[in-house]
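So this one's work.cif, mmCIF, N, CA and C atoms:
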data_model
#
loop_
_atom_site.group_PDB
_atom_site.id
_atom_site.type_symbol
_atom_site.label_atom_id
_atom_site.label_comp_id
_atom_site.auth_asym_id
_atom_site.auth_seq_id
_atom_site.Cartn_x
_atom_site.Cartn_y
_atom_site.Cartn_z
ATOM 1 N N MET V 62 57.455 130.908 145.678
ATOM 2 C CA MET V 62 56.023 131.009 145.581
ATOM 3 C C MET V 62 55.570 130.776 144.136
ATOM 4 N N ALA V 63 56.322 131.309 143.174
ATOM 5 C CA ALA V 63 55.970 131.122 141.769
ATOM 6 C C ALA V 63 56.072 129.648 141.377
ATOM 7 N N PHE V 64 57.097 128.971 141.885
ATOM 8 C CA PHE V 64 57.268 127.553 141.577
ATOM 9 C C PHE V 64 56.107 126.731 142.145
ATOM 10 N N ALA V 65 55.683 127.067 143.339
ATOM 11 C CA ALA V 65 54.557 126.358 143.954
ATOM 12 C C ALA V 65 53.280 126.578 143.156
ATOM 13 N N LEU V 66 53.052 127.798 142.700
ATOM 14 C CA LEU V 66 51.876 128.091 141.893
ATOM 15 C C LEU V 66 51.925 127.331 140.569
ATOM 16 N N MET V 67 53.114 127.244 139.964
ATOM 17 C CA MET V 67 53.253 126.492 138.729
ATOM 18 C C MET V 67 52.891 125.023 138.947
ATOM 19 N N LEU V 68 53.328 124.444 140.055
ATOM 20 C CA LEU V 68 53.003 123.049 140.347
ATOM 21 C C LEU V 68 51.505 122.845 140.524
ATOM 22 N N VAL V 69 50.843 123.791 141.180
ATOM 23 C CA VAL V 69 49.391 123.699 141.347
ATOM 24 C C VAL V 69 48.703 123.737 139.987
ATOM 25 N N LEU V 70 49.091 124.687 139.139
ATOM 26 C CA LEU V 70 48.472 124.810 137.823
ATOM 27 C C LEU V 70 48.764 123.602 136.941
ATOM 28 N N GLU V 71 49.985 123.099 137.002
ATOM 29 C CA GLU V 71 50.344 121.921 136.212
ATOM 30 C C GLU V 71 49.593 120.675 136.670
ATOM 31 N N GLY V 72 49.227 120.628 137.942
ATOM 32 C CA GLY V 72 48.535 119.464 138.474
ATOM 33 C C GLY V 72 47.035 119.458 138.250
ATOM 34 N N LEU V 73 46.468 120.589 137.849
ATOM 35 C CA LEU V 73 45.021 120.663 137.677
ATOM 36 C C LEU V 73 44.492 119.723 136.601
ATOM 37 N N LEU V 74 45.078 119.754 135.423
ATOM 38 C CA LEU V 74 44.563 118.934 134.320
ATOM 39 C C LEU V 74 44.651 117.441 134.606
ATOM 40 N N PRO V 75 45.808 116.911 135.056
ATOM 41 C CA PRO V 75 45.837 115.479 135.360
ATOM 42 C C PRO V 75 44.874 115.089 136.476
ATOM 43 N N PHE V 76 44.627 115.991 137.420
ATOM 44 C CA PHE V 76 43.717 115.687 138.513
ATOM 45 C C PHE V 76 42.266 115.695 138.046
ATOM 46 N N LEU V 77 41.901 116.712 137.257
ATOM 47 C CA LEU V 77 40.508 116.861 136.855
ATOM 48 C C LEU V 77 40.126 115.979 135.666
ATOM 49 N N MET V 78 41.029 115.833 134.702
ATOM 50 C CA MET V 78 40.722 115.073 133.480
ATOM 51 C C MET V 78 41.917 114.205 133.077
ATOM 52 N N PRO V 79 42.157 113.107 133.788
ATOM 53 C CA PRO V 79 43.346 112.294 133.493
ATOM 54 C C PRO V 79 43.354 111.710 132.085
ATOM 55 N N GLY V 80 42.197 111.361 131.551
ATOM 56 C CA GLY V 80 42.143 110.805 130.197
ATOM 57 C C GLY V 80 42.562 111.823 129.151
ATOM 58 N N ALA V 81 42.049 113.037 129.264
ATOM 59 C CA ALA V 81 42.416 114.103 128.323
ATOM 60 C C ALA V 81 43.896 114.447 128.454
ATOM 61 N N TRP V 82 44.403 114.457 129.697
ATOM 62 C CA TRP V 82 45.818 114.742 129.915
ATOM 63 C C TRP V 82 46.686 113.683 129.246
ATOM 64 N N ARG V 83 46.307 112.404 129.392
ATOM 65 C CA ARG V 83 47.067 111.304 128.793
ATOM 66 C C ARG V 83 47.074 111.422 127.270
ATOM 67 N N ASP V 84 45.904 111.730 126.681
ATOM 68 C CA ASP V 84 45.832 111.889 125.225
ATOM 69 C C ASP V 84 46.690 113.056 124.750
ATOM 70 N N ALA V 85 46.640 114.171 125.480
ATOM 71 C CA ALA V 85 47.450 115.331 125.107
ATOM 72 C C ALA V 85 48.935 115.005 125.213
ATOM 73 N N PHE V 86 49.326 114.307 126.268
ATOM 74 C CA PHE V 86 50.733 113.934 126.443
ATOM 75 C C PHE V 86 51.183 112.988 125.329
ATOM 76 N N ARG V 87 50.327 112.053 124.954
ATOM 77 C CA ARG V 87 50.653 111.115 123.871
ATOM 78 C C ARG V 87 50.863 111.875 122.560
ATOM 79 N N LYS V 88 50.013 112.857 122.282
ATOM 80 C CA LYS V 88 50.161 113.646 121.059
ATOM 81 C C LYS V 88 51.444 114.463 121.081
ATOM 82 N N LEU V 89 51.818 114.971 122.268
ATOM 83 C CA LEU V 89 53.062 115.736 122.373
ATOM 84 C C LEU V 89 54.284 114.899 122.035
ATOM 85 N N THR V 90 54.237 113.608 122.342
ATOM 86 C CA THR V 90 55.391 112.756 122.047
ATOM 87 C C THR V 90 55.543 112.495 120.552
ATOM 88 N N GLU V 91 54.515 112.815 119.775
ATOM 89 C CA GLU V 91 54.552 112.547 118.339
ATOM 90 C C GLU V 91 54.952 113.754 117.503
ATOM 91 N N ILE V 92 55.063 114.949 118.100
ATOM 92 C CA ILE V 92 55.407 116.119 117.300
ATOM 93 C C ILE V 92 56.923 116.306 117.262
ATOM 94 N N SER V 93 57.368 117.106 116.312
ATOM 95 C CA SER V 93 58.811 117.262 116.092
ATOM 96 C C SER V 93 59.445 118.142 117.170
ATOM 97 N N ASP V 94 60.777 118.060 117.247
ATOM 98 C CA ASP V 94 61.525 118.854 118.223
ATOM 99 C C ASP V 94 61.339 120.352 117.978
ATOM 100 N N SER V 95 61.299 120.762 116.714
ATOM 101 C CA SER V 95 61.155 122.187 116.420
ATOM 102 C C SER V 95 59.792 122.703 116.882
ATOM 103 N N GLN V 96 58.755 121.891 116.772
ATOM 104 C CA GLN V 96 57.438 122.304 117.246
ATOM 105 C C GLN V 96 57.425 122.406 118.774
ATOM 106 N N ILE V 97 58.107 121.480 119.443
ATOM 107 C CA ILE V 97 58.198 121.527 120.901
ATOM 108 C C ILE V 97 58.962 122.771 121.338
ATOM 109 N N ARG V 98 60.039 123.099 120.627
ATOM 110 C CA ARG V 98 60.805 124.305 120.953
ATOM 111 C C ARG V 98 59.952 125.557 120.758
ATOM 112 N N PHE V 99 59.157 125.580 119.702
ATOM 113 C CA PHE V 99 58.282 126.728 119.454
ATOM 114 C C PHE V 99 57.251 126.870 120.574
ATOM 115 N N ILE V 100 56.688 125.767 121.013
ATOM 116 C CA ILE V 100 55.724 125.791 122.118
ATOM 117 C C ILE V 100 56.402 126.315 123.387
ATOM 118 N N GLY V 101 57.618 125.848 123.657
ATOM 119 C CA GLY V 101 58.358 126.313 124.828
ATOM 120 C C GLY V 101 58.675 127.797 124.755
ATOM 121 N N LEU V 102 59.110 128.263 123.583
ATOM 122 C CA LEU V 102 59.419 129.677 123.398
ATOM 123 C C LEU V 102 58.162 130.532 123.582
ATOM 124 N N THR V 103 57.064 130.103 122.988
ATOM 125 C CA THR V 103 55.804 130.835 123.116
ATOM 126 C C THR V 103 55.357 130.894 124.565
ATOM 127 N N SER V 104 55.511 129.797 125.274
ATOM 128 C CA SER V 104 55.138 129.748 126.684
ATOM 129 C C SER V 104 56.005 130.699 127.510
ATOM 130 N N MET V 105 57.298 130.703 127.259
ATOM 131 C CA MET V 105 58.190 131.600 127.992
ATOM 132 C C MET V 105 57.864 133.062 127.708
ATOM 133 N N LEU V 106 57.612 133.397 126.452
ATOM 134 C CA LEU V 106 57.291 134.776 126.102
ATOM 135 C C LEU V 106 55.964 135.211 126.713
ATOM 136 N N ALA V 107 54.986 134.321 126.731
ATOM 137 C CA ALA V 107 53.703 134.642 127.359
ATOM 138 C C ALA V 107 53.899 134.874 128.857
ATOM 139 N N GLY V 108 54.717 134.059 129.497
ATOM 140 C CA GLY V 108 55.003 134.246 130.917
ATOM 141 C C GLY V 108 55.691 135.560 131.189
ATOM 142 N N LEU V 109 56.665 135.917 130.352
ATOM 143 C CA LEU V 109 57.349 137.196 130.525
ATOM 144 C C LEU V 109 56.395 138.373 130.324
ATOM 145 N N LEU V 110 55.509 138.261 129.355
ATOM 146 C CA LEU V 110 54.530 139.318 129.117
ATOM 147 C C LEU V 110 53.594 139.476 130.312
ATOM 148 N N ILE V 111 53.147 138.363 130.859
ATOM 149 C CA ILE V 111 52.271 138.416 132.036
ATOM 150 C C ILE V 111 53.006 139.053 133.214
ATOM 151 N N LEU V 112 54.281 138.665 133.425
ATOM 152 C CA LEU V 112 55.063 139.269 134.505
ATOM 153 C C LEU V 112 55.216 140.772 134.299
ATOM 154 N N TYR V 113 55.459 141.182 133.067
ATOM 155 C CA TYR V 113 55.603 142.604 132.760
ATOM 156 C C TYR V 113 54.306 143.363 133.036
ATOM 157 N N LEU V 114 53.180 142.796 132.639
ATOM 158 C CA LEU V 114 51.898 143.448 132.832
ATOM 159 C C LEU V 114 51.492 143.513 134.300
ATOM 160 N N VAL V 115 51.858 142.502 135.069
ATOM 161 C CA VAL V 115 51.504 142.472 136.483
ATOM 162 C C VAL V 115 52.325 143.480 137.276
ATOM 163 N N ARG V 116 53.573 143.655 136.900
ATOM 164 C CA ARG V 116 54.451 144.591 137.624
ATOM 165 C C ARG V 116 54.170 145.945 137.151
#
Will you turn the file into structure tokens for me?
Amino acid sequence: MAFALMLVLEGLLPFLMPGAWRDAFRKLTEISDSQIRFIGLTSMLAGLLILYLVR
């Protein structure tokens, strides 16, 4: 169920604003690996915090 919800949320931006999504994706390809890792770590920690608060 969580995976399905993630797919729905991930699909919202490309569906609603494809131009903005394309620009954001293009900018992501230009940043360094360490910045991408930091974004991933921050995203994971935010998800864990939300799970903790919900339970």
Give me the residues near region 80-88 of chain V as a list of chain:residue names, where near means some atom within 12 Å (using only C-alpha atoms) and where sequence neighbours in that chain fewer than 6 positions away do not count. V:Glu71, V:Gly72, V:Leu73, V:Leu74, V:Gln96, V:Ile97
Just give me the gap between atom C of Leu89 (chain V) and CA of Leu110 (chain V) in Å, one decimal is fine.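 Interatomic distance, atom C of Leu89 (chain V) to CA of Leu110 (chain V): 25.4 Å.
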Atom pair CA of Leu70 (chain V) / atom C of Ser95 (chain V): separation (Å):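 Atom-to-atom, CA of Leu70 (chain V) and atom C of Ser95 (chain V) are spaced 23.9 Å apart.
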CA of Ala63 (chain V) and CA of Leu112 (chain V), how far apart in Å?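 For CA of Leu112 (chain V) relative to CA of Ala63 (chain V), the distance reads 11.0 Å.
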